[in-house]
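What follows is the content of final28.txt, which has compact mmCIF, C-alpha atoms and all ligand atoms:
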# COMPACT_ATOMS: atom_id res chain seq x y z
CA MET A 1420 120.20 65.04 100.76
CA ILE A 1421 120.40 68.58 99.45
CA ILE A 1422 116.88 69.93 99.09
CA GLN A 1423 116.05 72.69 96.62
CA PRO A 1424 112.70 74.34 95.92
CA ARG A 1425 110.75 72.82 93.06
CA THR A 1426 107.71 74.88 92.09
CA ARG A 1427 104.74 74.34 89.85
CA GLY A 1428 102.77 77.58 89.63
CA PHE A 1429 101.79 78.63 93.14
CA ILE A 1430 102.67 75.22 94.58
CA CYS A 1431 106.07 74.24 95.92
CA LEU A 1432 106.59 70.49 95.68
CA THR A 1433 109.51 70.32 98.10
CA ALA A 1434 110.04 71.55 101.63
CA HIS A 1435 113.11 72.08 103.79
CA PRO A 1436 112.97 70.76 107.38
CA ASP A 1437 115.84 72.88 108.71
CA GLY A 1438 114.34 76.05 107.25
CA ALA A 1439 110.97 75.11 108.72
CA LEU A 1440 112.57 74.64 112.13
CA GLN A 1441 114.28 78.02 111.91
CA SER A 1442 111.02 79.73 110.85
CA VAL A 1443 109.16 78.19 113.77
CA LYS A 1444 111.96 79.28 116.14
CA ASN A 1445 111.73 82.81 114.74
CA GLN A 1446 107.99 82.89 115.43
CA ILE A 1447 108.54 81.59 118.97
CA GLU A 1448 111.18 84.26 119.61
CA TYR A 1449 108.80 86.96 118.41
CA VAL A 1450 106.02 85.80 120.75
CA LYS A 1451 108.41 85.59 123.70
CA SER A 1452 109.76 89.07 122.94
CA LYS A 1453 106.25 90.48 123.40
CA GLY A 1454 105.98 89.09 126.93
CA ALA A 1455 103.38 86.86 128.56
CA ILE A 1456 99.74 87.28 127.49
CA LYS A 1457 97.91 87.89 130.75
CA ASN A 1458 94.73 85.80 131.20
CA GLY A 1459 95.66 83.86 128.04
CA PRO A 1460 94.34 80.42 127.14
CA LYS A 1461 95.61 77.33 128.98
CA LYS A 1462 94.35 74.33 127.01
CA VAL A 1463 93.93 74.90 123.32
CA LEU A 1464 92.74 72.99 120.26
CA VAL A 1465 93.92 74.38 116.91
CA ILE A 1466 92.23 72.94 113.81
CA GLY A 1467 94.49 73.69 110.84
CA ALA A 1468 97.57 74.03 113.04
CA SER A 1469 100.45 73.27 110.68
CA THR A 1470 100.85 76.38 108.51
CA GLY A 1471 99.74 79.99 108.15
CA PHE A 1472 97.48 81.57 110.76
CA GLY A 1473 96.80 78.26 112.49
CA LEU A 1474 100.47 77.53 113.14
CA SER A 1475 100.94 81.05 114.46
CA SER A 1476 97.90 80.56 116.71
CA ARG A 1477 99.41 77.40 118.16
CA ILE A 1478 102.75 79.12 118.73
CA THR A 1479 101.13 82.17 120.33
CA ALA A 1480 99.04 80.02 122.70
CA ALA A 1481 101.99 77.86 123.71
CA PHE A 1482 104.77 80.40 123.97
CA GLY A 1483 102.65 83.44 124.83
CA SER A 1484 100.65 81.87 127.64
CA ASP A 1485 102.20 78.45 128.35
CA ALA A 1486 99.19 76.66 126.91
CA ALA A 1487 98.96 72.94 126.28
CA THR A 1488 98.05 72.51 122.61
CA VAL A 1489 96.45 69.85 120.45
CA GLY A 1490 96.98 70.52 116.76
CA VAL A 1491 94.96 68.97 113.93
CA PHE A 1492 96.21 69.14 110.34
CA PHE A 1493 96.42 67.25 107.07
CA GLU A 1494 100.06 66.83 106.06
CA LYS A 1495 102.33 64.26 104.47
CA PRO A 1496 104.97 62.73 106.75
CA ALA A 1497 108.57 62.28 105.81
CA SER A 1498 109.23 58.67 104.90
CA GLU A 1499 112.20 56.68 103.56
CA GLY A 1500 113.86 58.92 100.98
CA LYS A 1501 110.70 61.01 100.52
CA MET A 1502 110.21 64.47 101.85
CA GLY A 1503 107.33 65.49 104.04
CA THR A 1504 105.21 68.57 103.42
CA ALA A 1505 106.04 71.97 104.90
CA GLY A 1506 103.28 71.67 107.49
CA TRP A 1507 104.69 68.34 108.61
CA TYR A 1508 108.11 69.88 109.21
CA ASN A 1509 106.57 72.91 110.91
CA SER A 1510 104.68 70.62 113.27
CA ALA A 1511 107.76 68.50 113.98
CA ALA A 1512 109.62 71.71 114.80
CA PHE A 1513 106.81 73.05 116.96
CA GLU A 1514 106.52 69.87 119.02
CA LYS A 1515 110.28 69.67 119.49
CA GLU A 1516 110.43 73.26 120.75
CA ALA A 1517 107.34 72.78 122.93
CA GLN A 1518 108.80 69.65 124.52
CA GLU A 1519 112.06 71.42 125.25
CA ALA A 1520 110.10 74.19 126.92
CA GLY A 1521 108.15 71.68 129.01
CA LEU A 1522 104.86 72.38 127.24
CA TYR A 1523 102.31 69.71 126.39
CA ALA A 1524 101.85 69.37 122.61
CA LYS A 1525 100.23 66.58 120.64
CA SER A 1526 99.08 66.44 117.06
CA ILE A 1527 96.57 64.56 114.95
CA ASN A 1528 97.19 64.16 111.23
CA GLY A 1529 94.12 63.46 109.12
CA ASP A 1530 90.96 64.87 107.57
CA ALA A 1531 89.49 67.34 110.05
CA PHE A 1532 86.20 67.32 108.12
CA SER A 1533 85.65 63.67 109.02
CA ASP A 1534 83.76 62.35 112.05
CA ASP A 1535 86.61 59.98 112.75
CA ILE A 1536 89.26 62.70 113.26
CA LYS A 1537 86.84 64.62 115.46
CA LYS A 1538 86.37 61.49 117.56
CA GLN A 1539 90.13 60.85 117.81
CA THR A 1540 90.70 64.45 118.85
CA ILE A 1541 88.03 64.29 121.53
CA GLU A 1542 89.49 61.05 122.92
CA LEU A 1543 92.92 62.65 123.12
CA ILE A 1544 91.55 65.73 124.90
CA LYS A 1545 89.60 63.56 127.37
CA LYS A 1546 92.64 61.43 128.11
CA ASP A 1547 95.24 64.16 128.45
CA LEU A 1548 93.61 67.53 129.08
CA GLY A 1549 90.08 66.96 130.33
CA GLN A 1550 88.65 70.22 129.01
CA ILE A 1551 89.86 72.93 126.64
CA ASP A 1552 89.27 76.67 126.92
CA LEU A 1553 90.06 77.82 123.37
CA VAL A 1554 89.29 76.34 119.95
CA VAL A 1555 90.95 77.99 116.95
CA TYR A 1556 89.41 77.05 113.61
CA SER A 1557 91.90 77.79 110.81
CA LEU A 1558 91.26 75.32 108.01
CA ALA A 1559 91.85 76.29 104.39
CA SER A 1560 91.12 73.57 101.89
CA PRO A 1561 90.00 73.25 98.27
CA ARG A 1562 87.70 70.31 99.05
CA ARG A 1563 85.64 68.65 101.74
CA THR A 1564 83.96 65.30 101.90
CA HIS A 1565 80.79 65.87 103.86
CA PRO A 1566 80.77 63.54 106.87
CA LYS A 1567 77.00 62.99 106.87
CA THR A 1568 76.21 62.75 103.15
CA GLY A 1569 79.53 61.48 101.78
CA VAL A 1570 79.35 64.12 99.02
CA ALA A 1571 82.75 65.46 97.92
CA HIS A 1572 82.48 69.26 97.60
CA SER A 1573 85.06 71.31 95.71
CA SER A 1574 85.40 75.04 96.19
CA VAL A 1575 85.97 77.49 93.33
CA LEU A 1576 87.44 80.99 93.31
CA LYS A 1577 85.17 82.86 90.93
CA PRO A 1578 83.22 86.10 90.68
CA ILE A 1579 79.44 85.96 90.83
CA GLY A 1580 77.32 87.62 88.12
CA ASN A 1581 79.84 89.35 85.88
CA SER A 1582 83.28 88.42 84.68
CA TYR A 1583 86.08 90.32 86.36
CA THR A 1584 89.16 91.77 84.69
CA ASN A 1585 92.08 93.19 86.57
CA LYS A 1586 95.84 93.12 86.88
CA THR A 1587 97.60 90.08 88.19
CA VAL A 1588 101.21 89.06 88.61
CA ASP A 1589 103.09 85.84 88.07
CA PHE A 1590 105.24 86.24 91.17
CA HIS A 1591 107.93 83.90 89.84
CA THR A 1592 108.57 85.84 86.63
CA GLY A 1593 107.37 89.27 87.73
CA VAL A 1594 105.18 89.59 84.65
CA VAL A 1595 102.13 91.80 85.23
CA SER A 1596 99.20 91.18 82.92
CA ASP A 1597 95.44 91.51 82.71
CA VAL A 1598 93.46 88.49 83.72
CA THR A 1599 89.76 87.94 83.08
CA ILE A 1600 87.96 85.52 85.33
CA ALA A 1601 84.63 84.23 84.14
CA PRO A 1602 81.78 84.22 86.65
CA VAL A 1603 80.29 81.05 88.11
CA GLU A 1604 78.17 79.21 85.58
CA ASN A 1605 77.47 76.02 87.41
CA GLU A 1606 74.84 76.84 90.00
CA GLU A 1607 76.36 74.32 92.39
CA ASP A 1608 79.65 76.26 92.60
CA ILE A 1609 78.40 78.63 95.29
CA PRO A 1610 76.90 76.02 97.66
CA ASN A 1611 79.94 73.81 97.09
CA THR A 1612 82.32 76.60 98.06
CA VAL A 1613 80.18 77.38 101.11
CA ALA A 1614 80.21 73.68 102.04
CA VAL A 1615 84.04 73.68 101.99
CA MET A 1616 84.96 77.08 103.45
CA GLY A 1617 81.76 78.11 105.27
CA GLY A 1618 80.87 77.54 108.90
CA GLU A 1619 79.26 74.10 108.92
CA ASP A 1620 82.36 72.13 109.83
CA TRP A 1621 83.27 74.62 112.56
CA LYS A 1622 79.75 74.08 113.95
CA PHE A 1623 80.12 70.28 113.73
CA TRP A 1624 83.38 70.50 115.69
CA MET A 1625 81.87 72.66 118.42
CA GLU A 1626 78.76 70.49 118.69
CA ASP A 1627 80.82 67.32 119.03
CA LEU A 1628 83.23 68.89 121.52
CA LYS A 1629 80.35 70.16 123.62
CA ALA A 1630 78.44 66.86 123.51
CA ALA A 1631 81.60 65.08 124.71
CA GLY A 1632 81.88 67.45 127.68
CA VAL A 1633 85.39 68.61 126.77
CA LEU A 1634 84.63 72.35 126.60
CA ALA A 1635 85.48 74.26 129.77
CA ASP A 1636 83.23 76.88 131.31
CA GLY A 1637 83.97 80.20 129.59
CA VAL A 1638 85.37 78.50 126.48
CA GLN A 1639 86.15 80.73 123.49
CA THR A 1640 86.34 79.81 119.83
CA VAL A 1641 87.65 81.86 116.91
CA ALA A 1642 87.70 81.37 113.14
CA TYR A 1643 89.42 83.55 110.54
CA SER A 1644 87.90 85.65 107.80
CA TYR A 1645 88.96 88.23 105.25
CA ILE A 1646 87.41 91.33 103.69
CA GLY A 1647 90.08 93.31 101.83
CA PRO A 1648 89.83 96.30 99.50
CA GLU A 1649 87.22 97.04 96.86
CA LEU A 1650 89.59 96.17 94.07
CA THR A 1651 89.52 92.50 95.09
CA PHE A 1652 85.80 92.41 95.98
CA PRO A 1653 84.71 90.73 92.71
CA ILE A 1654 87.15 87.83 93.20
CA TYR A 1655 87.12 87.73 96.99
CA ARG A 1656 84.43 89.20 99.21
CA ASN A 1657 81.68 89.35 96.56
CA GLY A 1658 82.84 86.14 94.89
CA THR A 1659 82.25 82.52 95.77
CA ILE A 1660 84.77 82.55 98.65
CA GLY A 1661 83.06 85.64 100.08
CA GLN A 1662 79.78 83.70 100.24
CA ALA A 1663 81.60 81.09 102.29
CA LYS A 1664 83.00 83.80 104.57
CA ASN A 1665 79.50 85.27 105.03
CA ASP A 1666 78.38 81.81 106.11
CA LEU A 1667 81.34 81.45 108.47
CA GLU A 1668 80.59 84.84 110.03
CA ALA A 1669 76.89 83.96 110.42
CA THR A 1670 77.91 80.80 112.29
CA VAL A 1671 79.12 82.98 115.18
CA THR A 1672 75.50 83.57 116.25
CA VAL A 1673 74.71 79.86 116.09
CA LEU A 1674 77.77 79.01 118.17
CA ASN A 1675 77.11 81.72 120.74
CA ASP A 1676 73.76 80.05 121.27
CA LEU A 1677 75.35 76.62 121.52
CA LEU A 1678 77.93 77.84 124.05
CA LYS A 1679 75.59 80.01 126.11
CA ASP A 1680 75.11 77.55 128.97
CA LEU A 1681 78.91 77.20 129.21
CA ASN A 1682 79.33 80.98 129.34
CA GLY A 1683 81.27 80.49 126.12
CA LYS A 1684 81.85 82.91 123.26
CA SER A 1685 82.42 82.55 119.56
CA TYR A 1686 84.26 85.01 117.30
CA VAL A 1687 85.35 85.62 113.77
CA SER A 1688 88.56 87.58 113.41
CA VAL A 1689 89.08 89.43 110.15
CA ASN A 1690 92.78 89.13 109.43
CA LYS A 1691 95.21 90.86 107.11
CA ALA A 1692 96.06 89.63 103.60
CA LEU A 1693 99.26 87.63 103.88
CA VAL A 1694 101.34 85.25 101.85
CA THR A 1695 100.21 81.71 102.68
CA GLN A 1696 99.76 78.59 100.60
CA SER A 1697 96.06 79.43 100.33
CA SER A 1698 96.28 83.09 99.35
CA SER A 1699 98.90 82.50 96.65
CA ALA A 1700 96.28 80.47 94.75
CA ILE A 1701 93.89 83.43 94.35
CA PRO A 1702 94.27 85.49 91.14
CA VAL A 1703 94.96 89.26 91.55
CA VAL A 1704 95.55 88.91 95.32
CA PRO A 1705 99.34 88.30 95.14
CA LEU A 1706 99.81 91.62 93.30
CA TYR A 1707 97.67 93.39 95.87
CA ILE A 1708 99.73 91.80 98.67
CA SER A 1709 102.99 92.88 97.02
CA LEU A 1710 101.83 96.50 96.94
CA LEU A 1711 100.34 96.29 100.42
CA TYR A 1712 103.61 94.97 101.85
CA LYS A 1713 105.54 97.79 100.22
CA VAL A 1714 103.25 100.44 101.69
CA MET A 1715 102.92 98.90 105.15
CA LYS A 1716 106.66 98.21 105.48
CA ALA A 1717 107.36 101.86 104.62
CA LYS A 1718 104.90 102.96 107.31
CA GLY A 1719 106.26 100.47 109.84
CA THR A 1720 102.88 98.74 110.20
CA HIS A 1721 103.64 95.53 108.32
CA GLU A 1722 102.81 92.27 110.11
CA GLY A 1723 103.15 88.59 109.28
CA THR A 1724 100.94 85.80 110.63
CA ILE A 1725 102.71 85.68 113.99
CA GLU A 1726 102.46 89.44 114.59
CA GLN A 1727 98.78 89.32 113.60
CA ILE A 1728 97.92 86.47 115.93
CA GLN A 1729 99.99 87.76 118.84
CA ARG A 1730 98.05 91.02 118.56
CA LEU A 1731 94.76 89.11 118.23
CA PHE A 1732 95.43 87.31 121.50
CA ALA A 1733 96.97 90.16 123.47
CA ASP A 1734 94.82 93.09 122.30
CA ARG A 1735 91.53 91.44 121.32
CA LEU A 1736 90.72 88.01 122.78
CA TYR A 1737 92.52 88.33 126.11
CA THR A 1738 92.44 92.00 127.04
CA GLU A 1739 93.08 93.04 130.63
CA ASN A 1740 89.49 94.15 131.27
CA GLY A 1741 88.16 91.02 129.55
CA GLU A 1742 86.36 92.97 126.84
CA VAL A 1743 86.77 91.93 123.22
CA PRO A 1744 86.61 94.94 120.88
CA LEU A 1745 84.31 94.26 117.91
CA ASP A 1746 83.21 96.14 114.78
CA GLU A 1747 79.60 97.10 114.07
CA ALA A 1748 78.99 93.65 112.56
CA GLY A 1749 80.31 91.92 115.68
CA ARG A 1750 83.66 90.87 114.22
CA ILE A 1751 87.17 91.18 115.61
CA ARG A 1752 89.34 93.27 113.29
CA VAL A 1753 93.09 92.78 113.10
CA ASP A 1754 92.99 93.92 109.47
CA ASP A 1755 92.68 97.46 110.87
CA TRP A 1756 96.19 98.48 109.82
CA GLU A 1757 95.72 97.00 106.32
CA MET A 1758 92.42 98.82 105.88
CA ALA A 1759 93.69 102.18 107.21
CA GLU A 1760 92.66 104.92 104.78
CA ASP A 1761 96.15 106.17 104.06
CA VAL A 1762 97.40 102.64 103.35
CA GLN A 1763 94.54 101.88 100.99
CA ALA A 1764 94.85 105.21 99.17
CA GLU A 1765 98.53 104.57 98.56
CA VAL A 1766 97.93 101.00 97.36
CA ASP A 1767 95.21 102.27 95.01
CA ARG A 1768 97.51 104.86 93.53
CA LEU A 1769 100.31 102.32 93.01
CA TRP A 1770 97.88 99.73 91.65
CA LYS A 1771 96.99 101.97 88.71
CA GLU A 1772 100.65 102.54 87.89
CA THR A 1773 101.92 98.98 88.18
CA THR A 1774 103.50 97.44 85.10
CA THR A 1775 105.97 94.60 84.53
CA GLU A 1776 108.68 97.25 84.07
CA ASN A 1777 108.19 99.12 87.36
CA LEU A 1778 107.01 96.18 89.48
CA SER A 1779 110.21 95.57 91.42
CA GLU A 1780 110.50 99.25 92.20
CA ILE A 1781 106.97 100.15 93.30
CA SER A 1782 105.94 96.86 94.87
CA ASP A 1783 107.50 94.47 97.36
CA ILE A 1784 107.45 91.57 94.91
CA ALA A 1785 110.84 90.51 96.29
CA GLY A 1786 109.36 90.30 99.78
CA TYR A 1787 106.38 88.37 98.43
CA ARG A 1788 108.62 85.85 96.72
CA LYS A 1789 110.85 85.42 99.76
CA GLU A 1790 107.86 84.84 102.03
CA PHE A 1791 106.43 82.35 99.57
CA PHE A 1792 109.66 80.34 99.67
CA ASN A 1793 109.86 80.78 103.46
CA LEU A 1794 106.51 78.97 103.73
CA PHE A 1795 108.32 75.86 102.51
CA GLY A 1796 111.45 76.38 104.58
CA PHE A 1797 113.49 77.95 101.77
CA GLU A 1798 115.40 81.25 101.71
CA VAL A 1799 115.28 81.32 105.50
CA ASP A 1800 118.10 83.46 106.87
CA GLY A 1801 120.83 81.48 108.59
CA ILE A 1802 120.25 78.16 106.79
CA ASP A 1803 122.99 76.69 104.59
CA TYR A 1804 121.10 75.16 101.69
CA GLU A 1805 124.26 73.61 100.25
CA LYS A 1806 124.37 71.29 103.24
CA ASP A 1807 122.52 67.99 103.58
CA ALA A 1808 119.11 68.54 105.12
CA ASN A 1809 117.97 66.68 108.17
CA GLU A 1810 115.32 64.93 106.10
CA ASN A 1811 113.72 62.17 108.13
CA VAL A 1812 112.08 64.47 110.65
CA GLN A 1813 109.09 63.13 112.53
CA VAL A 1814 106.35 64.70 114.62
CA PRO A 1815 107.12 63.20 118.05
CA SER A 1816 103.51 62.62 119.13
CA ILE A 1817 102.57 60.81 115.91
CA GLU A 1818 103.76 57.21 115.57
P1 LIG A 1901 97.04 77.61 105.22
O1 LIG A 1901 96.88 76.93 103.90
O2 LIG A 1901 98.37 78.13 105.58
O3 LIG A 1901 96.59 76.62 106.40
C1 LIG A 1901 95.59 75.66 106.24
C2 LIG A 1901 95.63 74.64 107.36
O4 LIG A 1901 94.52 73.76 107.21
C3 LIG A 1901 96.88 73.73 107.38
O5 LIG A 1901 97.23 73.46 108.70
C4 LIG A 1901 96.36 72.44 106.72
O6 LIG A 1901 97.06 71.25 107.11
C5 LIG A 1901 94.95 72.41 107.27
N1 LIG A 1901 94.03 71.59 106.48
C6 LIG A 1901 93.60 71.76 105.21
N2 LIG A 1901 92.72 70.80 104.89
C7 LIG A 1901 92.60 70.00 105.98
C8 LIG A 1901 91.83 68.85 106.29
N3 LIG A 1901 90.98 68.30 105.40
N4 LIG A 1901 91.98 68.29 107.51
C9 LIG A 1901 92.83 68.81 108.43
N5 LIG A 1901 93.56 69.91 108.20
C10 LIG A 1901 93.44 70.49 107.00
O7 LIG A 1901 95.92 78.74 105.24
P2 LIG A 1901 95.77 80.14 105.97
O8 LIG A 1901 96.01 81.21 104.97
O9 LIG A 1901 96.47 80.17 107.27
O10 LIG A 1901 94.19 80.13 106.22
C11 LIG A 1901 93.58 79.85 107.46
C12 LIG A 1901 92.30 80.68 107.56
O11 LIG A 1901 92.64 82.07 107.57
C13 LIG A 1901 91.34 80.47 106.39
O12 LIG A 1901 90.03 80.52 106.86
C14 LIG A 1901 91.62 81.70 105.53
O13 LIG A 1901 90.53 82.04 104.70
C15 LIG A 1901 91.84 82.73 106.61
N6 LIG A 1901 92.50 83.98 106.19
C16 LIG A 1901 93.62 83.95 105.38
C17 LIG A 1901 94.19 85.14 104.94
C18 LIG A 1901 95.41 85.16 104.07
O14 LIG A 1901 95.70 86.19 103.50
N7 LIG A 1901 96.14 84.08 103.96
C19 LIG A 1901 93.64 86.46 105.36
C20 LIG A 1901 92.53 86.36 106.30
C21 LIG A 1901 91.98 85.16 106.65
NA NA A 1902 96.28 77.86 109.07
As structure tokens:
Amino acid sequence: MIIQPRTRGFICLTAHPDGALQSVKNQIEYVKSKGAIKNGPKKVLVIGASTGFGLSSRITAAFGSDAATVGVFFEKPASEGKMGTAGWYNSAAFEKEAQEAGLYAKSINGDAFSDDIKKQTIELIKKDLGQIDLVVYSLASPRRTHPKTGVAHSSVLKPIGNSYTNKTVDFHTGVVSDVTIAPVENEEDIPNTVAVMGGEDWKFWMEDLKAAGVLADGVQTVAYSYIGPELTFPIYRNGTIGQAKNDLEATVTVLNDLLKDLNGKSYVSVNKALVTQSSSAIPVVPLYISLLYKVMKAKGTHEGTIEQIQRLFADRLYTENGEVPLDEAGRIRVDDWEMAEDVQAEVDRLWKETTTENLSEISDIAGYRKEFFNLFGFEVDGIDYEKDANENVQVPSIE
């Protein structure tokens, strides 16, 4: 079957397995090109391992320090005549490459928020690995069914207090327009968003893993956060999602306490704004990313998820002297190049000038679009999309 992209807004309904395989291979090559990460992790659990930062974390652990990896994700498998999701194909590709390299890799597909998937994961770790020394928490989801109460929480992306008006772009058409986003009205929106994207589920995972005795002495765990520039504060850091990120960041203290007797450590890493399935759903942010990419590419400081995570492992979590550099609030920062003053000043200047007419010239909207399609295995260099795709691809460890 010939597979073409089919989009609805910021969602792509199709995915290309051969493009996904090539993208995963490209990430692996990048990690290998940077050399081995000394003192890196050996047995790793990645929660949210199939796309974005989580996939890059799994690749960095495996191909940067020969780690055995267990990946948890929620994806749709390929079945008779029906395509799988991008994360399914990424995971199939990852496991294939890991196997060929002689690396242990197994995956669990299901709802990571549930007690049942936590239990299955723990059983697998007990059986195959004994104990793990790194847990990466990289879930991004619009909803969560709470495992204790059964309540289904949905997150919202809204400002708090006042409505927010700014520029936004439809990255398919390149039309720049003003968008006004009304503030939260329903008082449950904030706690619901915190319930989905805050730190509680990360805490539940770590508590269950510890209680089962599968955390090694000196275990580390890291979750991902975002801050970004003032221009997105109303919709991001000071909005509903920002409340969830505050909660996630506050969970670090709770987890440090939990892990103390294991000599374990918990971290939040603030990462750079990047094109992923999650970030493309946030208003205003795609235009900011398009300008940011333009500026950072010109300066030679642009990174994708794999460059970010390779740097997180090599220069933050697993430094040679064992020290993890933190900001004044105790967070790891790999958004340092994004937040550099000269970068932000240039983005600000361009932001004010951006119109539909000059968009393709002053922003990297073309790069944004290409990366968006790349997430689904499309527009990947070296793939012949006129050829039949290898559609019935399975994740080897999942029956
Ligand atoms: P993504 O959408 O690419 O990845 C989400 C992952 O979570 C996928 O593996 C998906 O299968 C998994 N997932 C979602 N719901 C699940 C469920 N119920 N059970 C099991 N797995 C589930 O997202 P991305 O962008 O990589 O986000 C990961 C983290 O990084 C998030 O905390 C996000 O806020 C953060 N971050 C993202 C930035 C960006 O610009 N994209 C910037 C900084 C931080
Ligand atoms: Na992820």
Taking all atoms listed in the file and a cut-off of 8 Å, can you tell me which residues surround ligand LIG 1901 (chain A), written as a PyMOL selection string? chain A and resi 1466-1474+1491-1494+1506+1528-1533+1556-1563+1616+1642-1646+1664+1688-1699+1724
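The nearest approach to ligand NA 1902 (chain A) among the residues A:Ala1785, A:Ile1541, A:Ile1536, A:Ile1728, with all atoms listed in the file taken into account, belongs to A:Ile1728.
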Within 10 Å of (106.5, 71.9, 116.0), in the coordinates the file gives, what residues turn up when you count only C-alpha atoms, written out as a ChimeraX atom specification? /A:1439-1440,1443-1444,1468-1469,1474,1477-1478,1490,1506-1518,1524-1526,1813-1815
Store the residues of this selection in a file with C-alpha atoms, as a compact mmCIF listing (two decimals), in the frame of the given file.
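Writing the result to part_34.txt gives the following:
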# COMPACT_ATOMS: atom_id res chain seq x y z
CA ALA A 1439 110.97 75.11 108.72
CA LEU A 1440 112.57 74.64 112.13
CA VAL A 1443 109.16 78.19 113.77
CA LYS A 1444 111.96 79.28 116.14
CA ALA A 1468 97.57 74.03 113.04
CA SER A 1469 100.45 73.27 110.68
CA LEU A 1474 100.47 77.53 113.14
CA ARG A 1477 99.41 77.40 118.16
CA ILE A 1478 102.75 79.12 118.73
CA GLY A 1490 96.98 70.52 116.76
CA GLY A 1506 103.28 71.67 107.49
CA TRP A 1507 104.69 68.34 108.61
CA TYR A 1508 108.11 69.88 109.21
CA ASN A 1509 106.57 72.91 110.91
CA SER A 1510 104.68 70.62 113.27
CA ALA A 1511 107.76 68.50 113.98
CA ALA A 1512 109.62 71.71 114.80
CA PHE A 1513 106.81 73.05 116.96
CA GLU A 1514 106.52 69.87 119.02
CA LYS A 1515 110.28 69.67 119.49
CA GLU A 1516 110.43 73.26 120.75
CA ALA A 1517 107.34 72.78 122.93
CA GLN A 1518 108.80 69.65 124.52
CA ALA A 1524 101.85 69.37 122.61
CA LYS A 1525 100.23 66.58 120.64
CA SER A 1526 99.08 66.44 117.06
CA GLN A 1813 109.09 63.13 112.53
CA VAL A 1814 106.35 64.70 114.62
CA PRO A 1815 107.12 63.20 118.05
Around all of segment 1755-1771 of chain A's listed atoms, make the axis-aligned box with 4 Å on each side and tell me centre and edge lengths in Å to one decimal, as AutoDock Vina command-line options.
--center_x 96.4 --center_y 101.6 --center_z 99.8 --size_x 15.9 --size_y 17.2 --size_z 30.2
With all atoms listed in the file as the basis for distance, which of A:Val1465, A:Glu1780, A:Asp1767, A:Ala1614 is at the shortest distance from ligand NA 1902 (chain A)?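 Between A:Val1465, A:Glu1780, A:Asp1767, A:Ala1614, the residue approaching ligand NA 1902 (chain A) most closely is A:Val1465.
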Which residues are close to Leu1634 of chain A, i.e. within 12 Å by all atoms listed in the file, leaving aside same-chain residues fewer than 2 positions away? Reply as a ChimeraX atom specification. /A:1462-1464,1541,1544-1545,1548-1554,1624-1632,1636-1640,1677-1684
Measure the distance from atom CA of Arg1788 of chain A to atom CA of Ile1600 of chain A in Å and round it to one decimal.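 Pair atom CA of Arg1788 of chain A / atom CA of Ile1600 of chain A returns 23.6 Å.
Atom CA of Trp1621 of chain A is found 8.2 Å from atom CA of Leu1667 of chain A.
Atom CA of Thr1651 of chain A sits 15.9 Å away from atom CA of Asn1665 of chain A.
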Pick from A:Glu1542, A:Thr1599, A:Glu1772, A:Tyr1449, whichever lies nearest to Glu1722 of chain A using all atoms listed in the file: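 With all atoms listed in the file as the atom set, the closest residue is A:Tyr1449.
Closest approach to Pro1702 of chain A among A:Ile1654, A:Met1502, A:Ala1487, A:Ala1571: A:Ile1654, based on all atoms listed in the file.
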Residue nearest Val1588 of chain A - candidates A:Phe1652, A:Tyr1804, A:Tyr1707, A:Phe1795, atoms counted: all atoms listed in the file: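 Counting all atoms listed in the file, the residue closest to Val1588 of chain A is A:Tyr1707.
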Which one is closest to ligand NA 1902 (chain A): A:Asn1605, A:Lys1501, A:Trp1770, A:Leu1794? Count all atoms listed in the file.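 For ligand NA 1902 (chain A), the nearest of the candidates is A:Leu1794.
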List the neighbours of Ile1609 of chain A out to 12 Å using all atoms listed in the file; skip same-chain residues closer than 2 positions along the sequence, and give me the result as a ChimeraX atom specification. /A:1572-1580,1602-1607,1611-1617,1657-1666
